[in-house]
$ cat run04.pdb   # PDB, C-alpha atoms and all ligand atoms
MODEL        1
ATOM      1  CA  MET E  12      31.331 -14.807  60.022  1.00  0.00           C
ATOM      2  CA  ALA E  13      30.961 -11.017  60.230  1.00  0.00           C
ATOM      3  CA  GLN E  14      32.800  -9.236  57.398  1.00  0.00           C
ATOM      4  CA  ARG E  15      34.921  -6.763  59.344  1.00  0.00           C
ATOM      5  CA  LYS E  16      37.166  -7.373  62.362  1.00  0.00           C
ATOM      6  CA  GLU E  17      35.276  -4.689  64.300  1.00  0.00           C
ATOM      7  CA  GLU E  18      31.979  -6.475  63.660  1.00  0.00           C
ATOM      8  CA  ARG E  19      33.511  -9.794  64.763  1.00  0.00           C
ATOM      9  CA  ILE E  20      34.622  -8.142  68.033  1.00  0.00           C
ATOM     10  CA  LEU E  21      31.094  -6.796  68.615  1.00  0.00           C
ATOM     11  CA  GLU E  22      29.585 -10.201  67.831  1.00  0.00           C
ATOM     12  CA  TYR E  23      31.925 -11.914  70.308  1.00  0.00           C
ATOM     13  CA  VAL E  24      30.964  -9.403  73.027  1.00  0.00           C
ATOM     14  CA  LYS E  25      27.244  -9.847  72.354  1.00  0.00           C
ATOM     15  CA  GLN E  26      27.577 -13.618  72.565  1.00  0.00           C
ATOM     16  CA  HIS E  27      29.902 -13.853  75.586  1.00  0.00           C
ATOM     17  CA  ALA E  28      29.793 -10.705  77.746  1.00  0.00           C
ATOM     18  CA  ALA E  29      27.142  -9.797  80.326  1.00  0.00           C
ATOM     19  CA  GLU E  30      24.735  -7.247  78.866  1.00  0.00           C
ATOM     20  CA  GLY E  31      24.602  -4.018  80.889  1.00  0.00           C
ATOM     21  CA  ASP E  32      27.964  -4.758  82.525  1.00  0.00           C
ATOM     22  CA  PRO E  33      30.686  -2.427  81.166  1.00  0.00           C
ATOM     23  CA  GLN E  34      33.484  -4.265  82.959  1.00  0.00           C
ATOM     24  CA  SER E  35      32.390  -7.533  81.321  1.00  0.00           C
ATOM     25  CA  VAL E  36      32.359  -5.829  77.892  1.00  0.00           C
ATOM     26  CA  VAL E  37      35.872  -4.420  78.452  1.00  0.00           C
ATOM     27  CA  ASP E  38      37.162  -7.790  79.686  1.00  0.00           C
ATOM     28  CA  HIS E  39      35.712  -9.688  76.711  1.00  0.00           C
ATOM     29  CA  ILE E  40      37.108  -7.227  74.144  1.00  0.00           C
ATOM     30  CA  ASP E  41      40.528  -7.667  75.797  1.00  0.00           C
ATOM     31  CA  LYS E  42      40.113 -11.449  75.745  1.00  0.00           C
ATOM     32  CA  TYR E  43      39.153 -11.542  72.054  1.00  0.00           C
ATOM     33  CA  CYS E  44      41.845  -9.069  70.933  1.00  0.00           C
ATOM     34  CA  SER E  45      44.649 -10.714  72.893  1.00  0.00           C
ATOM     35  CA  GLN E  46      43.717 -14.272  71.867  1.00  0.00           C
ATOM     36  CA  LYS E  47      42.089 -14.043  68.434  1.00  0.00           C
ATOM     37  CA  GLU E  48      42.476 -10.757  66.516  1.00  0.00           C
ATOM     38  CA  TRP E  49      44.650  -7.809  67.538  1.00  0.00           C
ATOM     39  CA  ALA E  50      42.856  -4.448  67.438  1.00  0.00           C
ATOM     40  CA  MET E  51      43.808  -0.904  68.397  1.00  0.00           C
ATOM     41  CA  HIS E  52      41.910  -0.468  71.691  1.00  0.00           C
ATOM     42  CA  VAL E  53      43.878   1.194  74.475  1.00  0.00           C
ATOM     43  CA  GLY E  54      43.784  -2.261  76.070  1.00  0.00           C
ATOM     44  CA  ASP E  55      44.109  -3.696  79.570  1.00  0.00           C
ATOM     45  CA  GLU E  56      47.608  -2.516  80.575  1.00  0.00           C
ATOM     46  CA  LYS E  57      47.310   1.121  79.408  1.00  0.00           C
ATOM     47  CA  GLY E  58      43.619   0.927  80.384  1.00  0.00           C
ATOM     48  CA  LEU E  59      44.576   0.638  84.055  1.00  0.00           C
ATOM     49  CA  ILE E  60      46.568   3.888  83.737  1.00  0.00           C
ATOM     50  CA  LEU E  61      43.580   5.504  81.981  1.00  0.00           C
ATOM     51  CA  ASP E  62      41.331   4.332  84.850  1.00  0.00           C
ATOM     52  CA  GLN E  63      43.693   5.827  87.442  1.00  0.00           C
ATOM     53  CA  VAL E  64      43.867   9.224  85.698  1.00  0.00           C
ATOM     54  CA  VAL E  65      40.065   9.326  85.222  1.00  0.00           C
ATOM     55  CA  LYS E  66      39.531   8.490  88.909  1.00  0.00           C
ATOM     56  CA  GLU E  67      41.959  11.177  90.122  1.00  0.00           C
ATOM     57  CA  THR E  68      40.367  13.746  87.751  1.00  0.00           C
ATOM     58  CA  ASN E  69      36.745  12.765  88.541  1.00  0.00           C
ATOM     59  CA  PRO E  70      35.529  14.630  85.418  1.00  0.00           C
ATOM     60  CA  THR E  71      31.963  15.808  84.715  1.00  0.00           C
ATOM     61  CA  ILE E  72      32.492  16.487  80.998  1.00  0.00           C
ATOM     62  CA  VAL E  73      34.789  14.149  79.044  1.00  0.00           C
ATOM     63  CA  LEU E  74      35.830  14.476  75.394  1.00  0.00           C
ATOM     64  CA  GLU E  75      37.341  11.514  73.560  1.00  0.00           C
ATOM     65  CA  LEU E  76      39.053  11.900  70.196  1.00  0.00           C
ATOM     66  CA  GLY E  77      38.863   8.525  68.430  1.00  0.00           C
ATOM     67  CA  THR E  78      36.022   6.165  69.415  1.00  0.00           C
ATOM     68  CA  TYR E  79      36.911   3.141  67.261  1.00  0.00           C
ATOM     69  CA  CYS E  80      34.751   0.300  68.683  1.00  0.00           C
ATOM     70  CA  GLY E  81      33.856   2.070  71.924  1.00  0.00           C
ATOM     71  CA  TYR E  82      36.280   0.202  74.218  1.00  0.00           C
ATOM     72  CA  SER E  83      37.737   3.282  75.935  1.00  0.00           C
ATOM     73  CA  ALA E  84      34.409   5.131  75.927  1.00  0.00           C
ATOM     74  CA  THR E  85      32.936   2.154  77.820  1.00  0.00           C
ATOM     75  CA  ARG E  86      36.010   1.975  80.076  1.00  0.00           C
ATOM     76  CA  ILE E  87      35.784   5.687  80.954  1.00  0.00           C
ATOM     77  CA  ALA E  88      31.973   5.870  81.217  1.00  0.00           C
ATOM     78  CA  ARG E  89      31.915   3.035  83.778  1.00  0.00           C
ATOM     79  CA  LEU E  90      33.873   5.324  86.149  1.00  0.00           C
ATOM     80  CA  LEU E  91      31.834   8.528  85.695  1.00  0.00           C
ATOM     81  CA  LYS E  92      29.526   9.884  88.400  1.00  0.00           C
ATOM     82  CA  PRO E  93      25.779  10.308  87.666  1.00  0.00           C
ATOM     83  CA  GLY E  94      25.063  13.366  85.523  1.00  0.00           C
ATOM     84  CA  SER E  95      28.449  13.211  83.776  1.00  0.00           C
ATOM     85  CA  ARG E  96      28.771  13.232  79.956  1.00  0.00           C
ATOM     86  CA  LEU E  97      31.274  11.657  77.593  1.00  0.00           C
ATOM     87  CA  LEU E  98      31.359  13.010  74.023  1.00  0.00           C
ATOM     88  CA  THR E  99      33.386  10.824  71.680  1.00  0.00           C
ATOM     89  CA  VAL E 100      34.409  11.755  68.133  1.00  0.00           C
ATOM     90  CA  GLU E 101      34.730   9.130  65.384  1.00  0.00           C
ATOM     91  CA  MET E 102      35.250   9.930  61.695  1.00  0.00           C
ATOM     92  CA  ASN E 103      34.770   6.383  60.334  1.00  0.00           C
ATOM     93  CA  PRO E 104      30.990   5.745  60.053  1.00  0.00           C
ATOM     94  CA  GLU E 105      31.404   1.944  60.138  1.00  0.00           C
ATOM     95  CA  ASN E 106      33.381   2.142  63.394  1.00  0.00           C
ATOM     96  CA  ALA E 107      30.835   4.611  64.802  1.00  0.00           C
ATOM     97  CA  ALA E 108      28.059   2.108  64.058  1.00  0.00           C
ATOM     98  CA  VAL E 109      29.922  -0.674  65.895  1.00  0.00           C
ATOM     99  CA  ALA E 110      30.727   1.638  68.811  1.00  0.00           C
ATOM    100  CA  LYS E 111      27.084   2.707  69.141  1.00  0.00           C
ATOM    101  CA  GLN E 112      26.037  -0.940  69.555  1.00  0.00           C
ATOM    102  CA  MET E 113      28.958  -1.711  71.887  1.00  0.00           C
ATOM    103  CA  ILE E 114      28.118   1.234  74.158  1.00  0.00           C
ATOM    104  CA  GLN E 115      24.420   0.302  74.112  1.00  0.00           C
ATOM    105  CA  PHE E 116      25.195  -3.331  75.009  1.00  0.00           C
ATOM    106  CA  ALA E 117      27.433  -2.168  77.880  1.00  0.00           C
ATOM    107  CA  GLY E 118      24.561  -0.053  79.219  1.00  0.00           C
ATOM    108  CA  VAL E 119      26.466   3.250  79.280  1.00  0.00           C
ATOM    109  CA  GLN E 120      24.542   4.912  76.437  1.00  0.00           C
ATOM    110  CA  ASP E 121      22.964   7.463  78.818  1.00  0.00           C
ATOM    111  CA  LYS E 122      26.398   8.935  79.527  1.00  0.00           C
ATOM    112  CA  VAL E 123      27.958   8.612  76.066  1.00  0.00           C
ATOM    113  CA  GLU E 124      27.277  10.555  72.887  1.00  0.00           C
ATOM    114  CA  ILE E 125      29.076   9.562  69.664  1.00  0.00           C
ATOM    115  CA  LEU E 126      29.786  12.510  67.346  1.00  0.00           C
ATOM    116  CA  GLU E 127      30.456  11.354  63.792  1.00  0.00           C
ATOM    117  CA  GLY E 128      32.919  13.464  61.839  1.00  0.00           C
ATOM    118  CA  SER E 129      36.431  14.874  61.926  1.00  0.00           C
ATOM    119  CA  THR E 130      37.833  16.511  65.056  1.00  0.00           C
ATOM    120  CA  GLU E 131      38.862  19.659  63.170  1.00  0.00           C
ATOM    121  CA  VAL E 132      35.189  20.253  62.301  1.00  0.00           C
ATOM    122  CA  ILE E 133      33.567  18.973  65.497  1.00  0.00           C
ATOM    123  CA  ILE E 134      35.801  20.601  68.121  1.00  0.00           C
ATOM    124  CA  PRO E 135      34.910  24.167  66.998  1.00  0.00           C
ATOM    125  CA  SER E 136      31.193  23.233  67.115  1.00  0.00           C
ATOM    126  CA  LEU E 137      31.154  21.745  70.645  1.00  0.00           C
ATOM    127  CA  LYS E 138      30.041  24.976  72.339  1.00  0.00           C
ATOM    128  CA  THR E 139      27.402  26.045  69.815  1.00  0.00           C
ATOM    129  CA  LYS E 140      26.062  22.673  68.622  1.00  0.00           C
ATOM    130  CA  TYR E 141      26.583  20.402  71.652  1.00  0.00           C
ATOM    131  CA  GLY E 142      26.175  22.846  74.536  1.00  0.00           C
ATOM    132  CA  VAL E 143      29.635  22.238  75.950  1.00  0.00           C
ATOM    133  CA  ASP E 144      31.154  25.045  78.025  1.00  0.00           C
ATOM    134  CA  ARG E 145      34.413  23.446  79.150  1.00  0.00           C
ATOM    135  CA  VAL E 146      35.799  19.891  79.120  1.00  0.00           C
ATOM    136  CA  ASP E 147      37.435  18.469  82.264  1.00  0.00           C
ATOM    137  CA  PHE E 148      39.174  15.487  80.648  1.00  0.00           C
ATOM    138  CA  VAL E 149      40.241  14.734  77.061  1.00  0.00           C
ATOM    139  CA  PHE E 150      41.367  11.251  75.976  1.00  0.00           C
ATOM    140  CA  ILE E 151      43.348  11.699  72.739  1.00  0.00           C
ATOM    141  CA  ASP E 152      43.472   8.451  70.788  1.00  0.00           C
ATOM    142  CA  HIS E 153      42.729   9.139  67.115  1.00  0.00           C
ATOM    143  CA  PHE E 154      45.645   9.939  64.764  1.00  0.00           C
ATOM    144  CA  SER E 155      48.983  11.031  66.198  1.00  0.00           C
ATOM    145  CA  GLU E 156      49.381  13.471  63.303  1.00  0.00           C
ATOM    146  CA  ARG E 157      46.339  15.386  64.642  1.00  0.00           C
ATOM    147  CA  TYR E 158      47.274  15.451  68.335  1.00  0.00           C
ATOM    148  CA  THR E 159      49.034  18.837  68.318  1.00  0.00           C
ATOM    149  CA  ALA E 160      46.627  20.627  65.980  1.00  0.00           C
ATOM    150  CA  ASP E 161      43.624  19.427  67.995  1.00  0.00           C
ATOM    151  CA  THR E 162      45.252  20.396  71.287  1.00  0.00           C
ATOM    152  CA  LYS E 163      45.817  23.936  69.931  1.00  0.00           C
ATOM    153  CA  LEU E 164      42.211  23.946  68.680  1.00  0.00           C
ATOM    154  CA  LEU E 165      40.922  23.055  72.158  1.00  0.00           C
ATOM    155  CA  GLU E 166      42.911  26.005  73.549  1.00  0.00           C
ATOM    156  CA  GLU E 167      41.749  28.423  70.838  1.00  0.00           C
ATOM    157  CA  CYS E 168      38.101  27.392  71.278  1.00  0.00           C
ATOM    158  CA  GLN E 169      38.491  27.914  75.048  1.00  0.00           C
ATOM    159  CA  LEU E 170      37.207  24.386  75.662  1.00  0.00           C
ATOM    160  CA  ILE E 171      39.930  23.607  78.217  1.00  0.00           C
ATOM    161  CA  LYS E 172      40.372  25.583  81.414  1.00  0.00           C
ATOM    162  CA  LYS E 173      42.981  25.632  84.210  1.00  0.00           C
ATOM    163  CA  GLY E 174      43.097  22.077  85.529  1.00  0.00           C
ATOM    164  CA  SER E 175      41.682  20.365  82.445  1.00  0.00           C
ATOM    165  CA  VAL E 176      43.498  17.082  81.867  1.00  0.00           C
ATOM    166  CA  LEU E 177      44.646  15.779  78.478  1.00  0.00           C
ATOM    167  CA  LEU E 178      45.696  12.120  78.295  1.00  0.00           C
ATOM    168  CA  ALA E 179      47.220  10.972  75.002  1.00  0.00           C
ATOM    169  CA  ASP E 180      47.639   7.356  73.884  1.00  0.00           C
ATOM    170  CA  ASN E 181      50.458   6.043  71.625  1.00  0.00           C
ATOM    171  CA  VAL E 182      53.018   8.733  72.320  1.00  0.00           C
ATOM    172  CA  VAL E 183      55.774   6.128  71.730  1.00  0.00           C
ATOM    173  CA  PHE E 184      54.143   3.729  69.245  1.00  0.00           C
ATOM    174  CA  PRO E 185      53.070   4.818  66.621  1.00  0.00           C
ATOM    175  CA  GLY E 186      54.484   7.954  68.350  1.00  0.00           C
ATOM    176  CA  ALA E 187      53.526  11.624  68.680  1.00  0.00           C
ATOM    177  CA  PRO E 188      56.857  13.484  68.897  1.00  0.00           C
ATOM    178  CA  ASP E 189      55.536  16.935  67.967  1.00  0.00           C
ATOM    179  CA  PHE E 190      52.731  16.603  70.554  1.00  0.00           C
ATOM    180  CA  LEU E 191      55.231  15.714  73.297  1.00  0.00           C
ATOM    181  CA  GLU E 192      57.459  18.622  72.228  1.00  0.00           C
ATOM    182  CA  TYR E 193      54.490  21.028  72.247  1.00  0.00           C
ATOM    183  CA  VAL E 194      52.929  20.180  75.626  1.00  0.00           C
ATOM    184  CA  ARG E 195      56.320  19.842  77.335  1.00  0.00           C
ATOM    185  CA  THR E 196      57.790  23.133  76.066  1.00  0.00           C
ATOM    186  CA  CYS E 197      54.937  25.626  75.450  1.00  0.00           C
ATOM    187  CA  GLY E 198      54.770  26.453  79.178  1.00  0.00           C
ATOM    188  CA  ARG E 199      51.014  25.919  79.572  1.00  0.00           C
ATOM    189  CA  TYR E 200      50.965  22.274  80.699  1.00  0.00           C
ATOM    190  CA  ASP E 201      52.255  20.186  83.588  1.00  0.00           C
ATOM    191  CA  CYS E 202      53.218  16.898  81.936  1.00  0.00           C
ATOM    192  CA  THR E 203      53.558  13.338  83.246  1.00  0.00           C
ATOM    193  CA  TYR E 204      54.870  10.396  81.222  1.00  0.00           C
ATOM    194  CA  TYR E 205      53.444   6.896  81.847  1.00  0.00           C
ATOM    195  CA  PRO E 206      55.560   4.181  80.188  1.00  0.00           C
ATOM    196  CA  SER E 207      53.647   1.052  79.253  1.00  0.00           C
ATOM    197  CA  HIS E 208      53.225  -1.303  76.291  1.00  0.00           C
ATOM    198  CA  LEU E 209      51.273  -1.299  73.042  1.00  0.00           C
ATOM    199  CA  GLU E 210      47.935  -3.028  73.566  1.00  0.00           C
ATOM    200  CA  TYR E 211      48.114  -6.841  73.462  1.00  0.00           C
ATOM    201  CA  SER E 212      51.857  -6.642  72.651  1.00  0.00           C
ATOM    202  CA  ASP E 213      55.274  -6.415  74.260  1.00  0.00           C
ATOM    203  CA  LYS E 214      56.261  -3.389  72.155  1.00  0.00           C
ATOM    204  CA  LEU E 215      56.968  -0.301  74.235  1.00  0.00           C
ATOM    205  CA  ASP E 216      54.365   2.477  74.259  1.00  0.00           C
ATOM    206  CA  ALA E 217      53.328   5.228  76.691  1.00  0.00           C
ATOM    207  CA  LEU E 218      50.614   7.658  77.706  1.00  0.00           C
ATOM    208  CA  GLU E 219      51.314  11.362  78.305  1.00  0.00           C
ATOM    209  CA  LYS E 220      49.216  13.378  80.730  1.00  0.00           C
ATOM    210  CA  ALA E 221      49.177  17.146  80.195  1.00  0.00           C
ATOM    211  CA  VAL E 222      47.340  19.263  82.780  1.00  0.00           C
ATOM    212  CA  PHE E 223      46.423  22.704  81.405  1.00  0.00           C
ATOM    213  CA  LYS E 224      47.729  25.602  83.554  1.00  0.00           C
ATOM    214  CA  GLY E 225      45.566  28.175  81.801  1.00  0.00           C
ATOM    215  CA  PRO E 226      46.096  30.428  78.749  1.00  0.00           C
TER     216      PRO E 226
HETATM  217  C1  LIG E 301      45.949   1.371  62.429  1.00  0.00           C
HETATM  218  O1  LIG E 301      47.185   1.219  63.109  1.00  0.00           O
HETATM  219  C2  LIG E 301      47.136   0.251  64.109  1.00  0.00           C
HETATM  220  C3  LIG E 301      48.474   0.158  64.749  1.00  0.00           C
HETATM  221  C4  LIG E 301      49.416  -0.703  64.173  1.00  0.00           C
HETATM  222  C5  LIG E 301      50.671  -0.878  64.786  1.00  0.00           C
HETATM  223  C6  LIG E 301      50.967  -0.202  65.950  1.00  0.00           C
HETATM  224  C7  LIG E 301      50.037   0.667  66.517  1.00  0.00           C
HETATM  225  C8  LIG E 301      48.804   0.860  65.917  1.00  0.00           C
HETATM  226  C9  LIG E 301      47.842   1.789  66.591  1.00  0.00           C
HETATM  227  C10 LIG E 301      47.623   1.636  67.969  1.00  0.00           C
HETATM  228  C11 LIG E 301      46.753   2.483  68.625  1.00  0.00           C
HETATM  229  O2  LIG E 301      46.503   2.373  69.972  1.00  0.00           O
HETATM  230  C12 LIG E 301      46.067   3.489  67.934  1.00  0.00           C
HETATM  231  N1  LIG E 301      45.201   4.316  68.616  1.00  0.00           N
HETATM  232  C13 LIG E 301      44.519   5.255  67.899  1.00  0.00           C
HETATM  233  N2  LIG E 301      44.656   5.445  66.594  1.00  0.00           N
HETATM  234  C14 LIG E 301      45.526   4.691  65.869  1.00  0.00           C
HETATM  235  O3  LIG E 301      45.650   4.905  64.654  1.00  0.00           O
HETATM  236  C15 LIG E 301      46.280   3.636  66.557  1.00  0.00           C
HETATM  237  C16 LIG E 301      47.167   2.794  65.883  1.00  0.00           C
HETATM  238 MG    MG E 302      45.555   4.111  70.789  1.00  0.00          MG
ENDMDL
END

$ encode --input "run04.pdb" --output "C-alpha cells" --more "lines below"
Ligand SMILES: COCc1ccccc1-c1cc(O)c2[nH]cnc(=O)c2c1
Ligand SMILES: [Mg+2]
Amino acid sequence: MAQRKEERILEYVKQHAAEGDPQSVVDHIDKYCSQKEWAMHVGDEKGLILDQVVKETNPTIVLELGTYCGYSATRIARLLKPGSRLLTVEMNPENAAVAKQMIQFAGVQDKVEILEGSTEVIIPSLKTKYGVDRVDFVFIDHFSERYTADTKLLEECQLIKKGSVLLADNVVFPGAPDFLEYVRTCGRYDCTYYPSHLEYSDKLDALEKAVFKGP
C-alpha cells in the first residue's frame, strides 16, 4: 500500500487506466476519488465547465497555478492543439513528483511542463527563464489566499493581454471572496460565474471566469 493518498491515486491509475489515453486517466482518477478516497482535483462536474472554457478559448499558452496530482493539467492538455504549451506550477515537491508520472502515463508530457516552486517566485520569472511572452489561459487552483496577489502579479509582469482568460476554482468552497471582489470591481475584467459543486461532493462550489480587458 503506497504511503500517501496521492501515490495511491497514481498507483490505481497505472494499474487500471489505459496508458497514453488522457481521458482514461481523468476518468480513473474520478472513479478512485469518488469511490475510495476524496482528493482535491477539480473533478468531473467542474471539469466539464473547465473543458468548455478551454475549448472556447482555444489557448496556445496555458498557465496553471496548482498542479497537485496532474488531473487538471491532463484534462486541459488533452484539449490543446499541436504546438501548444501548458506550464503548471506546484510548490509541493512530493505532489510534483506524482504529477510528473501522471502526466507521463497520460501521454501529454510533450505539452506539459511542471515548474516546481511558489507562484510568487515563478510568475515573475516566466518571461526571462521560461520564454513566455503572454499567456492565453490561466487556471487558478492553488491557494485561495494567493488568488488576488497572483492575479495582480500577472498584470504587473504583463503576462496577460487583452482577451486572456482567467478561470478560478473554489470561489465558493473554500472560497475566494477578495478575488471575486477584485476581478468584479477593478474594471479590467469581464466576469462570468459558473455555479457547480465541490469535487466528489454535494457541497456548493463555483468557478469564476475573468476575461482581461487590457491594462
Ligand atoms: C486541502 O483542502 C482540501 C479541501 C477540503 C475541503 C474543501 C475543499 C478543499 C479544497 C478543494 C479544492 O478544489 C482545492 N483546490 C486547490 N487548492 C486547495 O487547497 C483546495 C482545497
Ligand atoms: Mg480546486

$ closest_residue --input "run04.pdb" --among "E:Asp213, E:Asp180, E:Asp55, E:Glu18" --to "ligand LIG 301 (chain E)" --atoms "all atoms listed in the file"
E:Asp180

$ residues_near_point --input "run04.pdb" --point "(54.1, 5.2, 73.3)" --cutoff "7 Å" --atoms "all atoms listed in the file" --output "MDAnalysis selection string"
chainID E and resid 180:186 215:218

$ residues_near_ligand --input "run04.pdb" --ligand "ligand MG 302 (chain E)" --cutoff "10 Å" --atoms "only C-alpha atoms and all ligand atoms" --output "CSV table (one decimal) with C-alpha atoms, in the coordinates of the input"
chain,number,residue,atom,x,y,z
E,50,ALA,CA,42.9,-4.4,67.4
E,51,MET,CA,43.8,-0.9,68.4
E,52,HIS,CA,41.9,-0.5,71.7
E,53,VAL,CA,43.9,1.2,74.5
E,54,GLY,CA,43.8,-2.3,76.1
E,57,LYS,CA,47.3,1.1,79.4
E,77,GLY,CA,38.9,8.5,68.4
E,78,THR,CA,36.0,6.2,69.4
E,79,TYR,CA,36.9,3.1,67.3
E,83,SER,CA,37.7,3.3,75.9
E,150,PHE,CA,41.4,11.3,76.0
E,151,ILE,CA,43.3,11.7,72.7
E,152,ASP,CA,43.5,8.5,70.8
E,153,HIS,CA,42.7,9.1,67.1
E,154,PHE,CA,45.6,9.9,64.8
E,155,SER,CA,49.0,11.0,66.2
E,179,ALA,CA,47.2,11.0,75.0
E,180,ASP,CA,47.6,7.4,73.9
E,181,ASN,CA,50.5,6.0,71.6
E,182,VAL,CA,53.0,8.7,72.3
E,184,PHE,CA,54.1,3.7,69.2
E,185,PRO,CA,53.1,4.8,66.6
E,209,LEU,CA,51.3,-1.3,73.0
E,210,GLU,CA,47.9,-3.0,73.6
E,216,ASP,CA,54.4,2.5,74.3
E,217,ALA,CA,53.3,5.2,76.7
E,218,LEU,CA,50.6,7.7,77.7

$ closest_atom_pairs --input "run04.pdb" --of "stretch 123-181 of chain E" --to "stretch 95-106 of chain E" --cutoff "7 Å" --atoms "only C-alpha atoms" --output "Markdown table"
| residue | atom | partner | partner_atom | distance |
| --- | --- | --- | --- | --- |
| E:Val123 | CA | E:Leu97 | CA | 4.8 |
| E:Glu124 | CA | E:Leu98 | CA | 4.9 |
| E:Ile125 | CA | E:Thr99 | CA | 4.9 |
| E:Leu126 | CA | E:Val100 | CA | 4.7 |
| E:Glu127 | CA | E:Glu101 | CA | 5.1 |
| E:Gly128 | CA | E:Met102 | CA | 4.2 |
| E:Ser129 | CA | E:Met102 | CA | 5.1 |
| E:Thr130 | CA | E:Val100 | CA | 6.6 |

$ residues_around --input "run04.pdb" --residues "stretch 20-28 of chain E" --least-positions-apart "6" --cutoff "7 Å" --atoms "only C-alpha atoms" --output "mmCIF file with C-alpha atoms, keeping the file's coordinate frame"
data_model
loop_
_atom_site.group_PDB
_atom_site.id
_atom_site.type_symbol
_atom_site.label_atom_id
_atom_site.label_comp_id
_atom_site.auth_asym_id
_atom_site.auth_seq_id
_atom_site.Cartn_x
_atom_site.Cartn_y
_atom_site.Cartn_z
ATOM 1 C CA SER E 35 32.390 -7.533 81.321
ATOM 2 C CA VAL E 36 32.359 -5.829 77.892
ATOM 3 C CA HIS E 39 35.712 -9.688 76.711
ATOM 4 C CA ILE E 40 37.108 -7.227 74.144
ATOM 5 C CA TYR E 43 39.153 -11.542 72.054
ATOM 6 C CA VAL E 109 29.922 -0.674 65.895
ATOM 7 C CA MET E 113 28.958 -1.711 71.887
#

$ residues_around --input "run04.pdb" --residues "E:Cys168" --least-positions-apart "2" --cutoff "8 Å" --atoms "all atoms listed in the file" --output "PDB file with C-alpha atoms, keeping the file's coordinate frame"
ATOM      1  CA  ILE E 134      35.801  20.601  68.121  1.00  0.00           C
ATOM      2  CA  PRO E 135      34.910  24.167  66.998  1.00  0.00           C
ATOM      3  CA  LEU E 164      42.211  23.946  68.680  1.00  0.00           C
ATOM      4  CA  LEU E 165      40.922  23.055  72.158  1.00  0.00           C
ATOM      5  CA  GLU E 166      42.911  26.005  73.549  1.00  0.00           C
ATOM      6  CA  LEU E 170      37.207  24.386  75.662  1.00  0.00           C
TER       7      LEU E 170
END

$ residues_around --input "run04.pdb" --residues "E:Glu48" --least-positions-apart "3" --cutoff "10 Å" --atoms "all atoms listed in the file" --output "VMD selection string"
chain E and resid 16 to 17 19 to 20 40 to 45 211

$ closest_residue --input "run04.pdb" --among "E:Tyr205, E:Phe190, E:Tyr200, E:Tyr158" --to "E:Gly58" --atoms "only C-alpha atoms"
E:Tyr205

$ closest_residue --input "run04.pdb" --among "E:Gly81, E:Asp32, E:Gly174, E:Ala117" --to "ligand LIG 301 (chain E)" --atoms "only C-alpha atoms and all ligand atoms"
E:Gly81

$ closest_residue --input "run04.pdb" --among "E:Ala221, E:Ile133, E:Leu177, E:Val73" --to "E:Arg195" --atoms "only C-alpha atoms"
E:Ala221

$ atom_distance --input "run04.pdb" --atom1 "atom CA of E:Gln34" --atom2 "atom C14 of ligand LIG 301 (chain E)"
22.7 Å

$ closest_residue --input "run04.pdb" --among "E:Leu76, E:Val194, E:Ala88, E:Val119" --to "ligand LIG 301 (chain E)" --atoms "all atoms listed in the file"
E:Leu76

$ axis_aligned_box --input "run04.pdb" --around "stretch 200-217 of chain E" --padding-each-side "3 Å" --output "AutoDock Vina command-line options"
--center_x 52.5 --center_y 7.7 --center_z 77.9 --size_x 15.0 --size_y 35.1 --size_z 17.4

$ atom_distance --input "run04.pdb" --atom1 "atom CA of E:Val64" --atom2 "atom CA of E:Lys224"
17.0 Å

$ atom_distance --input "run04.pdb" --atom1 "atom CA of E:Arg145" --atom2 "atom CA of E:Gln120"
21.2 Å

$ closest_residue --input "run04.pdb" --among "E:Asp144, E:Glu131, E:Glu156, E:Asp121" --to "ligand LIG 301 (chain E)" --atoms "all atoms listed in the file"
E:Glu156

$ resolve_selection --input "run04.pdb" --expression "the PyMOL selection byres (((chain E and resi 148) around 6) and not hetatm)" --output "ChimeraX atom specification"
/E:73,146-147,149,175-177

$ residues_around --input "run04.pdb" --residues "E:Gly225" --least-positions-apart "4" --cutoff "7 Å" --atoms "only C-alpha atoms" --output "MDAnalysis selection string"
chainID E and resid 172:173 199

$ resolve_selection --input "run04.pdb" --expression "the PyMOL selection byres (((chain E and resi 91) around 9) and not hetatm)" --output "PyMOL selection string"
chain E and resi 65-66+69-71+87-90+92-97+122
